[in-house]
Structures are given as C-alpha cells and as structure tokens.
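Student: Input structure: entry24.cif, which contains mmCIF, C-alpha atoms.
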data_target
#
loop_
_atom_site.group_PDB
_atom_site.id
_atom_site.type_symbol
_atom_site.label_atom_id
_atom_site.label_comp_id
_atom_site.auth_asym_id
_atom_site.auth_seq_id
_atom_site.Cartn_x
_atom_site.Cartn_y
_atom_site.Cartn_z
ATOM 1 C CA MET A 1497 31.640 26.622 0.170
ATOM 2 C CA ALA A 1498 30.872 23.763 2.535
ATOM 3 C CA ARG A 1499 28.670 26.054 4.612
ATOM 4 C CA PHE A 1500 26.785 27.182 1.479
ATOM 5 C CA THR A 1501 26.280 23.576 0.420
ATOM 6 C CA ARG A 1502 25.027 22.515 3.837
ATOM 7 C CA LYS A 1503 22.717 25.439 4.614
ATOM 8 C CA ILE A 1504 21.447 26.509 1.205
ATOM 9 C CA PHE A 1505 22.057 23.994 -1.563
ATOM 10 C CA PHE A 1506 20.844 20.811 0.155
ATOM 11 C CA PRO A 1507 17.676 22.382 1.648
ATOM 12 C CA CYS A 1508 16.788 23.912 -1.738
ATOM 13 C CA LEU A 1509 17.459 20.591 -3.450
ATOM 14 C CA GLY A 1510 15.230 18.818 -0.952
ATOM 15 C CA ILE A 1511 12.413 21.317 -1.506
ATOM 16 C CA LEU A 1512 12.743 20.935 -5.275
ATOM 17 C CA LEU A 1513 12.570 17.151 -5.052
ATOM 18 C CA CYS A 1514 9.495 17.372 -2.808
ATOM 19 C CA ILE A 1515 7.783 19.656 -5.317
ATOM 20 C CA LEU A 1516 8.588 17.300 -8.190
ATOM 21 C CA SER A 1517 7.338 14.283 -6.241
ATOM 22 C CA CYS A 1518 4.039 16.059 -5.454
ATOM 23 C CA LEU A 1519 3.592 17.346 -9.008
ATOM 24 C CA PRO A 1520 1.597 14.312 -10.295
ATOM 25 C CA ALA A 1521 -0.915 14.665 -7.453
ATOM 26 C CA PHE A 1522 -1.226 18.394 -8.127
ATOM 27 C CA LEU A 1523 -1.801 17.710 -11.826
ATOM 28 C CA LEU A 1524 -4.579 15.268 -10.930
ATOM 29 C CA LEU A 1525 -6.204 17.882 -8.720
ATOM 30 C CA ALA A 1526 -5.879 20.568 -11.396
ATOM 31 C CA GLY A 1527 -7.289 18.275 -14.075
ATOM 32 C CA SER A 1528 -10.193 17.225 -11.862
ATOM 33 C CA ILE A 1529 -11.417 20.819 -11.489
ATOM 34 C CA THR A 1530 -10.862 21.739 -15.137
ATOM 35 C CA GLY A 1531 -13.886 21.829 -17.421
ATOM 36 C CA LYS A 1532 -14.421 19.284 -20.188
ATOM 37 C CA ARG A 1533 -13.955 21.769 -23.010
ATOM 38 C CA GLU A 1534 -10.783 23.232 -21.551
ATOM 39 C CA LEU A 1535 -9.356 19.727 -21.070
ATOM 40 C CA ALA A 1536 -10.318 18.817 -24.629
ATOM 41 C CA VAL A 1537 -8.350 21.800 -25.925
ATOM 42 C CA SER A 1538 -5.346 21.205 -23.647
ATOM 43 C CA LEU A 1539 -5.165 17.485 -24.476
ATOM 44 C CA THR A 1540 -5.701 17.769 -28.210
ATOM 45 C CA GLY A 1541 -2.485 15.900 -28.877
ATOM 46 C CA VAL A 1542 -3.741 12.919 -26.888
ATOM 47 C CA PHE A 1543 -7.040 12.687 -28.732
ATOM 48 C CA ARG A 1544 -5.575 13.247 -32.190
ATOM 49 C CA GLU A 1545 -2.356 11.320 -31.454
ATOM 50 C CA GLN A 1546 -0.262 14.231 -32.669
ATOM 51 C CA GLY A 1547 0.763 17.613 -31.383
ATOM 52 C CA VAL A 1548 1.529 18.811 -27.861
ATOM 53 C CA SER A 1549 -0.681 18.183 -24.841
ATOM 54 C CA CYS A 1550 -0.535 19.628 -21.328
ATOM 55 C CA VAL A 1551 -2.672 19.751 -18.219
ATOM 56 C CA PRO A 1552 -3.375 23.336 -17.141
ATOM 57 C CA LEU A 1553 -1.875 23.963 -13.704
ATOM 58 C CA PHE A 1554 -4.437 26.679 -13.020
ATOM 59 C CA PRO A 1555 -7.704 26.236 -14.936
ATOM 60 C CA ASP A 1556 -9.246 29.309 -16.506
ATOM 61 C CA PHE A 1557 -12.726 28.268 -15.348
ATOM 62 C CA PRO A 1558 -12.496 25.854 -12.363
ATOM 63 C CA THR A 1559 -15.508 23.649 -11.799
ATOM 64 C CA LEU A 1560 -16.598 20.917 -9.407
ATOM 65 C CA ARG A 1561 -19.076 19.423 -11.856
ATOM 66 C CA GLY A 1562 -16.817 16.391 -12.355
ATOM 67 C CA TYR A 1563 -16.909 15.566 -8.633
ATOM 68 C CA LEU A 1564 -20.674 15.973 -8.505
ATOM 69 C CA GLU A 1565 -21.163 13.669 -11.485
ATOM 70 C CA VAL A 1566 -18.798 11.002 -10.164
ATOM 71 C CA LEU A 1567 -20.021 11.078 -6.554
ATOM 72 C CA PHE A 1568 -23.757 11.426 -7.222
ATOM 73 C CA ASP A 1569 -24.375 10.163 -10.756
ATOM 74 C CA THR A 1570 -21.842 7.347 -11.076
ATOM 75 C CA PRO A 1571 -22.704 4.426 -8.727
ATOM 76 C CA GLU A 1572 -20.014 2.318 -10.409
ATOM 77 C CA PHE A 1573 -17.429 4.451 -8.613
ATOM 78 C CA TYR A 1574 -18.602 3.223 -5.213
ATOM 79 C CA VAL A 1575 -18.591 -0.398 -6.377
ATOM 80 C CA VAL A 1576 -14.945 -0.383 -7.444
ATOM 81 C CA PHE A 1577 -13.905 1.890 -4.563
ATOM 82 C CA PHE A 1578 -15.348 -0.385 -1.886
ATOM 83 C CA ASN A 1579 -13.949 -3.420 -3.689
ATOM 84 C CA SER A 1580 -10.511 -1.881 -3.161
ATOM 85 C CA VAL A 1581 -11.344 -1.115 0.470
ATOM 86 C CA LYS A 1582 -12.570 -4.672 1.018
ATOM 87 C CA LEU A 1583 -9.416 -6.205 -0.456
ATOM 88 C CA ALA A 1584 -7.015 -3.935 1.443
ATOM 89 C CA VAL A 1585 -8.782 -4.250 4.812
ATOM 90 C CA SER A 1586 -9.202 -8.032 4.519
ATOM 91 C CA ILE A 1587 -5.559 -8.545 3.632
ATOM 92 C CA ILE A 1588 -4.220 -6.299 6.394
ATOM 93 C CA ALA A 1589 -6.497 -7.853 9.032
ATOM 94 C CA GLY A 1590 -5.464 -11.342 7.960
ATOM 95 C CA GLN A 1591 -1.794 -10.402 8.024
ATOM 96 C CA LEU A 1592 -2.054 -9.064 11.560
ATOM 97 C CA LEU A 1593 -3.653 -12.316 12.717
ATOM 98 C CA ALA A 1594 -1.156 -14.569 10.923
ATOM 99 C CA CYS A 1595 2.114 -12.678 10.626
ATOM 100 C CA VAL A 1596 2.432 -11.157 14.107
ATOM 101 C CA PRO A 1597 2.305 -14.555 15.923
ATOM 102 C CA ALA A 1598 4.660 -15.990 13.292
ATOM 103 C CA ALA A 1599 7.158 -13.170 13.871
ATOM 104 C CA TRP A 1600 6.882 -13.706 17.632
ATOM 105 C CA GLY A 1601 7.571 -17.419 17.214
ATOM 106 C CA PHE A 1602 10.681 -16.790 15.142
ATOM 107 C CA SER A 1603 11.960 -14.221 17.653
ATOM 108 C CA ARG A 1604 11.521 -16.527 20.677
ATOM 109 C CA TRP A 1605 12.576 -19.820 19.077
ATOM 110 C CA HIS A 1606 16.364 -19.833 19.054
ATOM 111 C CA GLY A 1607 18.540 -22.424 17.397
ATOM 112 C CA LYS A 1608 19.982 -23.568 14.087
ATOM 113 C CA VAL A 1609 16.675 -24.950 12.855
ATOM 114 C CA SER A 1610 14.921 -21.677 13.591
ATOM 115 C CA SER A 1611 17.643 -19.672 11.856
ATOM 116 C CA LEU A 1612 17.495 -21.918 8.792
ATOM 117 C CA LEU A 1613 13.696 -21.700 8.581
ATOM 118 C CA PHE A 1614 13.748 -17.941 8.946
ATOM 119 C CA TYR A 1615 16.459 -17.680 6.288
ATOM 120 C CA LEU A 1616 14.375 -19.751 3.875
ATOM 121 C CA TYR A 1617 11.308 -17.747 4.840
ATOM 122 C CA THR A 1618 12.962 -14.433 4.013
ATOM 123 C CA ILE A 1619 14.117 -15.788 0.645
ATOM 124 C CA LEU A 1620 10.431 -16.034 -0.285
ATOM 125 C CA MET A 1621 10.185 -12.294 0.329
ATOM 126 C CA LEU A 1622 12.539 -11.699 -2.600
ATOM 127 C CA LEU A 1623 10.406 -13.640 -5.075
ATOM 128 C CA PRO A 1624 8.251 -11.385 -7.276
ATOM 129 C CA PHE A 1625 4.619 -12.168 -7.956
ATOM 130 C CA GLN A 1626 5.478 -13.303 -11.477
ATOM 131 C CA VAL A 1627 7.400 -16.259 -10.010
ATOM 132 C CA THR A 1628 4.594 -17.411 -7.710
ATOM 133 C CA MET A 1629 1.794 -16.526 -10.114
ATOM 134 C CA LEU A 1630 1.385 -19.983 -11.646
ATOM 135 C CA PRO A 1631 1.352 -21.901 -8.307
ATOM 136 C CA ASN A 1632 -1.156 -19.413 -6.886
ATOM 137 C CA TYR A 1633 -3.353 -19.796 -9.953
ATOM 138 C CA ILE A 1634 -3.292 -23.600 -9.762
ATOM 139 C CA VAL A 1635 -4.120 -23.625 -6.037
ATOM 140 C CA ALA A 1636 -6.930 -21.082 -6.436
ATOM 141 C CA ASP A 1637 -8.375 -23.060 -9.326
ATOM 142 C CA ARG A 1638 -8.251 -26.359 -7.407
ATOM 143 C CA LEU A 1639 -9.922 -24.777 -4.374
ATOM 144 C CA GLY A 1640 -12.641 -23.186 -6.484
ATOM 145 C CA LEU A 1641 -11.611 -19.657 -5.565
ATOM 146 C CA MET A 1642 -11.258 -18.273 -9.077
ATOM 147 C CA ASP A 1643 -13.213 -15.093 -9.762
ATOM 148 C CA THR A 1644 -13.549 -14.366 -6.036
ATOM 149 C CA HIS A 1645 -11.774 -11.917 -3.757
ATOM 150 C CA ASN A 1646 -10.514 -14.827 -1.656
ATOM 151 C CA ALA A 1647 -8.157 -15.799 -4.484
ATOM 152 C CA ILE A 1648 -6.361 -12.492 -3.883
ATOM 153 C CA VAL A 1649 -6.752 -12.206 -0.116
ATOM 154 C CA LEU A 1650 -5.562 -15.643 1.020
ATOM 155 C CA PRO A 1651 -2.091 -15.624 -0.645
ATOM 156 C CA ALA A 1652 -1.490 -12.038 0.501
ATOM 157 C CA VAL A 1653 -2.434 -12.824 4.110
ATOM 158 C CA PHE A 1654 0.595 -15.097 4.402
ATOM 159 C CA SER A 1655 3.035 -12.612 2.902
ATOM 160 C CA THR A 1656 6.563 -12.840 4.276
ATOM 161 C CA PHE A 1657 7.409 -9.140 4.480
ATOM 162 C CA PRO A 1658 5.232 -8.280 7.523
ATOM 163 C CA VAL A 1659 6.772 -11.228 9.380
ATOM 164 C CA PHE A 1660 10.265 -9.951 8.603
ATOM 165 C CA LEU A 1661 9.436 -6.386 9.682
ATOM 166 C CA VAL A 1662 7.679 -7.261 12.950
ATOM 167 C CA TYR A 1663 10.356 -9.847 13.724
ATOM 168 C CA ARG A 1664 12.957 -7.070 13.758
ATOM 169 C CA TYR A 1665 10.951 -5.251 16.416
ATOM 170 C CA PHE A 1666 10.516 -8.329 18.577
ATOM 171 C CA THR A 1667 14.252 -9.096 18.476
ATOM 172 C CA GLY A 1668 14.984 -5.493 19.446
ATOM 173 C CA ILE A 1669 13.250 -5.900 22.811
ATOM 174 C CA PRO A 1670 15.874 -6.372 25.568
ATOM 175 C CA GLU A 1671 15.914 -9.883 26.988
ATOM 176 C CA GLU A 1672 15.958 -8.485 30.527
ATOM 177 C CA ILE A 1673 12.357 -7.330 30.097
ATOM 178 C CA PHE A 1674 11.231 -10.866 29.294
ATOM 179 C CA GLU A 1675 13.186 -12.250 32.249
ATOM 180 C CA ALA A 1676 11.622 -9.720 34.613
ATOM 181 C CA TYR A 1677 8.130 -10.674 33.459
ATOM 182 C CA SER A 1678 8.935 -14.371 33.808
ATOM 183 C CA LEU A 1679 9.559 -13.835 37.518
ATOM 184 C CA ASP A 1680 5.910 -12.824 37.971
ATOM 185 C CA SER A 1681 4.241 -15.147 35.469
ATOM 186 C CA SER A 1682 5.118 -18.240 33.461
ATOM 187 C CA SER A 1683 2.379 -17.707 30.877
ATOM 188 C CA ARG A 1684 3.857 -17.585 27.389
ATOM 189 C CA PHE A 1685 0.718 -16.027 25.986
ATOM 190 C CA GLY A 1686 0.847 -13.364 28.692
ATOM 191 C CA LEU A 1687 4.455 -12.631 27.721
ATOM 192 C CA PHE A 1688 3.365 -12.147 24.130
ATOM 193 C CA TRP A 1689 0.244 -10.128 24.971
ATOM 194 C CA HIS A 1690 1.547 -7.889 27.747
ATOM 195 C CA ILE A 1691 5.181 -7.414 26.699
ATOM 196 C CA GLY A 1692 5.723 -8.331 23.056
ATOM 197 C CA LEU A 1693 2.715 -6.651 21.478
ATOM 198 C CA PRO A 1694 2.925 -3.272 23.274
ATOM 199 C CA LEU A 1695 6.655 -2.868 22.656
ATOM 200 C CA ALA A 1696 6.413 -3.949 19.013
ATOM 201 C CA LEU A 1697 3.290 -1.910 18.302
ATOM 202 C CA PRO A 1698 5.144 0.701 16.171
ATOM 203 C CA GLY A 1699 6.462 -2.084 13.952
ATOM 204 C CA ILE A 1700 3.011 -3.643 13.639
ATOM 205 C CA LYS A 1701 1.558 -0.275 12.649
ATOM 206 C CA ALA A 1702 4.351 0.227 10.121
ATOM 207 C CA ALA A 1703 3.697 -3.201 8.600
ATOM 208 C CA ALA A 1704 -0.022 -2.427 8.345
ATOM 209 C CA LEU A 1705 0.628 0.953 6.744
ATOM 210 C CA LEU A 1706 3.072 -0.457 4.201
ATOM 211 C CA GLY A 1707 0.508 -3.141 3.444
ATOM 212 C CA VAL A 1708 -2.185 -0.534 2.796
ATOM 213 C CA ILE A 1709 0.112 1.294 0.375
ATOM 214 C CA GLU A 1710 0.955 -1.930 -1.445
ATOM 215 C CA TYR A 1711 -2.454 -3.592 -1.620
ATOM 216 C CA TRP A 1712 -4.425 -0.446 -2.391
ATOM 217 C CA ASN A 1713 -2.909 -0.485 -5.887
ATOM 218 C CA LEU A 1714 -3.145 -4.166 -6.822
ATOM 219 C CA ILE A 1715 -2.991 -4.783 -10.555
ATOM 220 C CA GLU A 1716 -1.545 -8.190 -11.456
ATOM 221 C CA GLN A 1717 -3.607 -10.225 -8.986
ATOM 222 C CA PRO A 1718 -7.030 -8.795 -9.953
ATOM 223 C CA LEU A 1719 -6.186 -9.133 -13.643
ATOM 224 C CA LEU A 1720 -5.302 -12.785 -13.113
ATOM 225 C CA PHE A 1721 -8.003 -13.947 -10.703
ATOM 226 C CA LEU A 1722 -11.019 -11.695 -11.323
ATOM 227 C CA LYS A 1723 -13.106 -11.926 -14.480
ATOM 228 C CA THR A 1724 -16.383 -10.352 -13.311
ATOM 229 C CA PRO A 1725 -16.290 -6.524 -13.669
ATOM 230 C CA SER A 1726 -18.407 -6.040 -10.525
ATOM 231 C CA LEU A 1727 -15.539 -7.540 -8.472
ATOM 232 C CA TRP A 1728 -12.812 -5.336 -9.909
ATOM 233 C CA PRO A 1729 -10.947 -2.829 -7.720
ATOM 234 C CA PHE A 1730 -10.362 0.653 -9.044
ATOM 235 C CA SER A 1731 -6.841 -0.185 -10.236
ATOM 236 C CA ILE A 1732 -8.129 -2.267 -13.156
ATOM 237 C CA ALA A 1733 -11.528 -0.574 -13.496
ATOM 238 C CA LEU A 1734 -9.961 2.824 -14.216
ATOM 239 C CA PRO A 1735 -9.454 2.182 -17.982
ATOM 240 C CA GLU A 1736 -13.210 1.511 -18.259
ATOM 241 C CA VAL A 1737 -14.007 4.941 -16.808
ATOM 242 C CA TRP A 1738 -12.855 6.823 -19.911
ATOM 243 C CA GLU A 1739 -16.048 6.714 -22.002
ATOM 244 C CA GLY A 1740 -14.969 9.859 -23.841
ATOM 245 C CA ASN A 1741 -14.881 11.993 -20.666
ATOM 246 C CA VAL A 1742 -11.308 12.645 -19.614
ATOM 247 C CA GLN A 1743 -12.449 14.692 -16.620
ATOM 248 C CA TYR A 1744 -13.895 11.503 -15.101
ATOM 249 C CA VAL A 1745 -10.425 9.974 -15.219
ATOM 250 C CA PHE A 1746 -8.871 12.884 -13.331
ATOM 251 C CA VAL A 1747 -11.644 12.963 -10.720
ATOM 252 C CA PHE A 1748 -11.684 9.199 -10.310
ATOM 253 C CA SER A 1749 -7.902 9.016 -9.971
ATOM 254 C CA PHE A 1750 -7.721 11.846 -7.455
ATOM 255 C CA LEU A 1751 -10.490 10.424 -5.271
ATOM 256 C CA VAL A 1752 -8.796 7.028 -4.966
ATOM 257 C CA LEU A 1753 -5.463 8.734 -4.267
ATOM 258 C CA VAL A 1754 -6.773 10.652 -1.261
ATOM 259 C CA PRO A 1755 -7.313 7.729 1.210
ATOM 260 C CA VAL A 1756 -3.832 6.269 0.856
ATOM 261 C CA CYS A 1757 -2.267 9.731 1.136
ATOM 262 C CA LEU A 1758 -4.203 10.374 4.349
ATOM 263 C CA ALA A 1759 -3.141 6.986 5.725
ATOM 264 C CA ALA A 1760 0.506 7.683 4.895
ATOM 265 C CA ALA A 1761 0.332 11.133 6.487
ATOM 266 C CA ALA A 1762 -1.328 9.796 9.647
ATOM 267 C CA GLY A 1763 1.235 7.019 10.056
ATOM 268 C CA ARG A 1764 4.312 8.942 8.993
ATOM 269 C CA GLU A 1765 6.218 8.321 12.222
ATOM 270 C CA GLU A 1766 5.445 4.590 12.235
ATOM 271 C CA LEU A 1767 6.492 4.374 8.600
ATOM 272 C CA GLN A 1768 9.838 6.008 9.356
ATOM 273 C CA LYS A 1769 10.403 3.670 12.295
ATOM 274 C CA GLY A 1770 9.486 0.678 10.149
ATOM 275 C CA ILE A 1771 12.006 1.578 7.481
ATOM 276 C CA GLY A 1772 14.591 2.181 10.196
ATOM 277 C CA ALA A 1773 13.946 -1.256 11.646
ATOM 278 C CA ILE A 1774 14.672 -2.906 8.296
ATOM 279 C CA VAL A 1775 18.154 -1.413 8.051
ATOM 280 C CA ARG A 1776 18.976 -1.645 11.747
ATOM 281 C CA LYS A 1777 21.809 -3.986 12.566
ATOM 282 C CA GLU A 1778 21.411 -6.522 15.292
#
Represent the supplied structure as structure tokens.

Tutor:
Amino acid sequence: MARFTRKIFFPCLGILLCILSCLPAFLLLAGSITGKRELAVSLTGVFREQGVSCVPLFPDFPTLRGYLEVLFDTPEFYVVFFNSVKLAVSIIAGQLLACVPAAWGFSRWHGKVSSLLFYLYTILMLLPFQVTMLPNYIVADRLGLMDTHNAIVLPAVFSTFPVFLVYRYFTGIPEEIFEAYSLDSSSRFGLFWHIGLPLALPGIKAAALLGVIEYWNLIEQPLLFLKTPSLWPFSIALPEVWEGNVQYVFVFSFLVLVPVCLAAAAGREELQKGIGAIVRKE
C-alpha cells in the first residue's frame, strides 16, 4: 500500500493538480480562438443572467480574428500594455537600486540596534496595502504626484520584502570568504561588488522575479492614484475592453498573461531558490 501511494497515487495527484492549475490559462486560450457567435451561444447564461454558460475547450471553428483585431486595430491595447510594462520595470529597477544596498547594510551591521531595526523593518512587510493606503495617499497628494505613475512607483521601490529576501542570501555567505577578501583589499565597496553581489545574485534574481509577478497585476494602487484612463495599466483597463465583444476580453487577457508566464518559466530555478531562502533557518 505504501509503495502504491508513493509511486502511483502521489504522482497522479500532482499531475491532476497541475492540470487544474493550468485550466484557467487553457480556457483563456480556447476562448481567444473561439468565434464571436460561438462564444455568444456558449455564454448565453452570462448575457441573459440566467441559464448555464461554458467556454468551449475545443472550438468548432477556431479563428485568429480576435488577435488580429486586438493587435492591429486596437491601439488602446498597446497603451495599457506598455503602461503595465513601465510600472513593473520602473518598480523593479528602483528596488534593485534601493533594496540590495539596504539588505547588504543589514547583513554587515551587527549589533542590538541593527537587529531591532531589522525586526521593525520586517514588521512593515506584514502590513497590507489597505493599512498604508491613507498615508501613501496623503504623501502623494502633498508632493503633487496624484494621477501620475510616480505615485505608484515610489512607494513600491522601498518595499520591505526584497530587502528581507536578499538579506537572507547575504547572511548565508560564509564569513571566511569576507575575511579572505579583506586580506587583499580593505575596500568595503569592493567587498560588496566583488563578493556580495555575485554570491547573492540568485536571491536578487528571485526578488526581481517575484516583484514582476506582483507588480504586473496591480489593482488597488492604480485605482487609488490614477484618474486619467490613458495612464491605466491593463489590470484596471480590462473592464473597459468589453464593449459587447467578449472575444476581446479573452484575447486581451491571454496576451497580458503571456509575458509574466514566460518570465516565471525563465526564472523558475531562481524562484525556487528564493522561496527556499525564506524558509531556511540560520
């Protein structure tokens, strides 16, 4: 029985869970290549608010007309898509410039004061956006940043989670390596640049990847700070895409899903190492 459970049941269960987790993406793909009329028939319950609706897993008449219309006849798609790219790239770049040196400082500054500051710093990581929403709004309003992307980028740049993650990598570097480098050079910046950064590079990549996954799907911040539709990312512009054409919604949703899936697939190893670093005991 134990052998059956280990060699058959658990692998089959894992495969089933993987299929279920990928099902929403497959439904988006299937809906995006389904014709308007076929979708209208399949989703009758949605339009009439009664009855049963379903997305056909295998369309009777697949078509790429929805992709052609969105990519070539809908310039608004590129506006909201590149708004999302701009926000995600700006935030991640700012985090790398601010959070990596901060994590290095915490890892090299030993003492009770450092431990207390880092403890207080990590407490901020547990606070949801709803708690810090009002202070962020007041600061953005006083600085004249309302209805600009900077109102979203600047608070996110100084997020605490990347500091915590990269800090775990820096503290995992054996002290003997730092001592050996100190025999050849007394430059603290050289220690950070030549030893700290290369050895903590997997953690930095993991922090960047997790940031892309998080900030690619911003909802609360754009709703709060952005009022001009031309500044909206896709996450809050998607409801405006409907316009009676449900195929647009499927195509639009699938296209914005592809980049983050590719990023997650490319950085799978770094992501696994990053999660492992969080639970690793010192």

Student: Using all atoms listed in the file, which residue out of A:Ala1594, A:Leu1525, A:Ala1536, A:Val1575 lies closest to A:Phe1554?

Tutor: A:Leu1525

Student: From the options A:Asn1632, A:Ser1611, A:Gln1743, A:Thr1667, which residue's atoms come nearest to A:Ala1696, counting only C-alpha atoms?

Tutor: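 Counting only C-alpha atoms, the residue closest to A:Ala1696 is A:Thr1667.
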
Student: Do you know which residues the PyMOL selection byres ((chain A and resi 1532) around 10) returns on this file, as an MDAnalysis selection string?

Tutor: chainID A and resid 1527:1531 1533:1538 1559 1561:1562 1741:1744

Student: Could you write out as a list in words the residues that the PyMOL selection byres ((chain A and resi 1705) around 8) matches in the shown file?

Tutor: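 Residues picked by the PyMOL selection byres ((chain A and resi 1705) around 8): Lys1701, Ala1702, Ala1703, Ala1704, Leu1706, Gly1707, Val1708, Ile1709, Ala1759, Ala1760, Gly1763 and Leu1767 of chain A.
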
Student: If I take atom CA of A:Leu1687 and atom CA of A:Ile1669, how far is one from the other in Å, to one decimal?

Tutor: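 These two atoms are separated by 12.1 Å.
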
Student: What separation in Å, quoted to one decimal, exists between atom CA of A:Pro1698 and atom CA of A:Gln1768?

Tutor: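 Calculated distance between atom CA of A:Pro1698 and atom CA of A:Gln1768 is 9.8 Å.
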
Student: Let me know the residues the PyMOL selection byres ((chain A and resi 1618) around 12) catches in the file above, as a CSV table (one decimal) with C-alpha atoms, in the coordinates of the input.

Tutor:
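Contents of out_20.csv, freshly written:
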chain,number,residue,atom,x,y,z
A,1599,ALA,CA,7.2,-13.2,13.9
A,1602,PHE,CA,10.7,-16.8,15.1
A,1611,SER,CA,17.6,-19.7,11.9
A,1612,LEU,CA,17.5,-21.9,8.8
A,1613,LEU,CA,13.7,-21.7,8.6
A,1614,PHE,CA,13.7,-17.9,8.9
A,1615,TYR,CA,16.5,-17.7,6.3
A,1616,LEU,CA,14.4,-19.8,3.9
A,1617,TYR,CA,11.3,-17.7,4.8
A,1619,ILE,CA,14.1,-15.8,0.6
A,1620,LEU,CA,10.4,-16.0,-0.3
A,1621,MET,CA,10.2,-12.3,0.3
A,1622,LEU,CA,12.5,-11.7,-2.6
A,1623,LEU,CA,10.4,-13.6,-5.1
A,1655,SER,CA,3.0,-12.6,2.9
A,1656,THR,CA,6.6,-12.8,4.3
A,1657,PHE,CA,7.4,-9.1,4.5
A,1658,PRO,CA,5.2,-8.3,7.5
A,1659,VAL,CA,6.8,-11.2,9.4
A,1660,PHE,CA,10.3,-10.0,8.6
A,1661,LEU,CA,9.4,-6.4,9.7
A,1663,TYR,CA,10.4,-9.8,13.7

Student: Between atom CA of A:Ser1586 and atom CA of A:Pro1729, what is the distance in Å, rounded to a tenth?

Tutor: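 Answer for the atom CA of A:Ser1586 to atom CA of A:Pro1729 separation: 13.4 Å.
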
Student: Counting only C-alpha atoms, which residues in stretch 1574-1625 of chain A sit no more than 12 Å from stretch 1677-1686 of chain A? For each one, give the nearest pair of atoms and the distance in Å, sorted by chain then residue number, as a tab-separated table.

Tutor:
residue	atom	partner	partner_atom	distance
A:Pro1597	CA	A:Phe1685	CA	10.3
A:Trp1600	CA	A:Phe1685	CA	10.6
A:Gly1601	CA	A:Arg1684	CA	10.8
A:Arg1604	CA	A:Arg1684	CA	10.2

Student: Considering only C-alpha atoms, state which residue in the set A:Phe1506, A:Tyr1665, A:Phe1573, A:Phe1557 is at the smallest distance from A:Ala1526.

Tutor: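 Comparing A:Phe1506, A:Tyr1665, A:Phe1573, A:Phe1557 against A:Ala1526, the winner is A:Phe1557.
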
Student: Determine, counting all atoms listed in the file, which protein, DNA and RNA residues have an atom within 12 Å of an atom of stretch 1567-1571 of chain A; residues of the same chain fewer than 4 positions away are not included. Present the result as a ChimeraX atom specification.

Tutor: /A:1560-1563,1575-1578,1726,1737,1744,1747-1748,1751
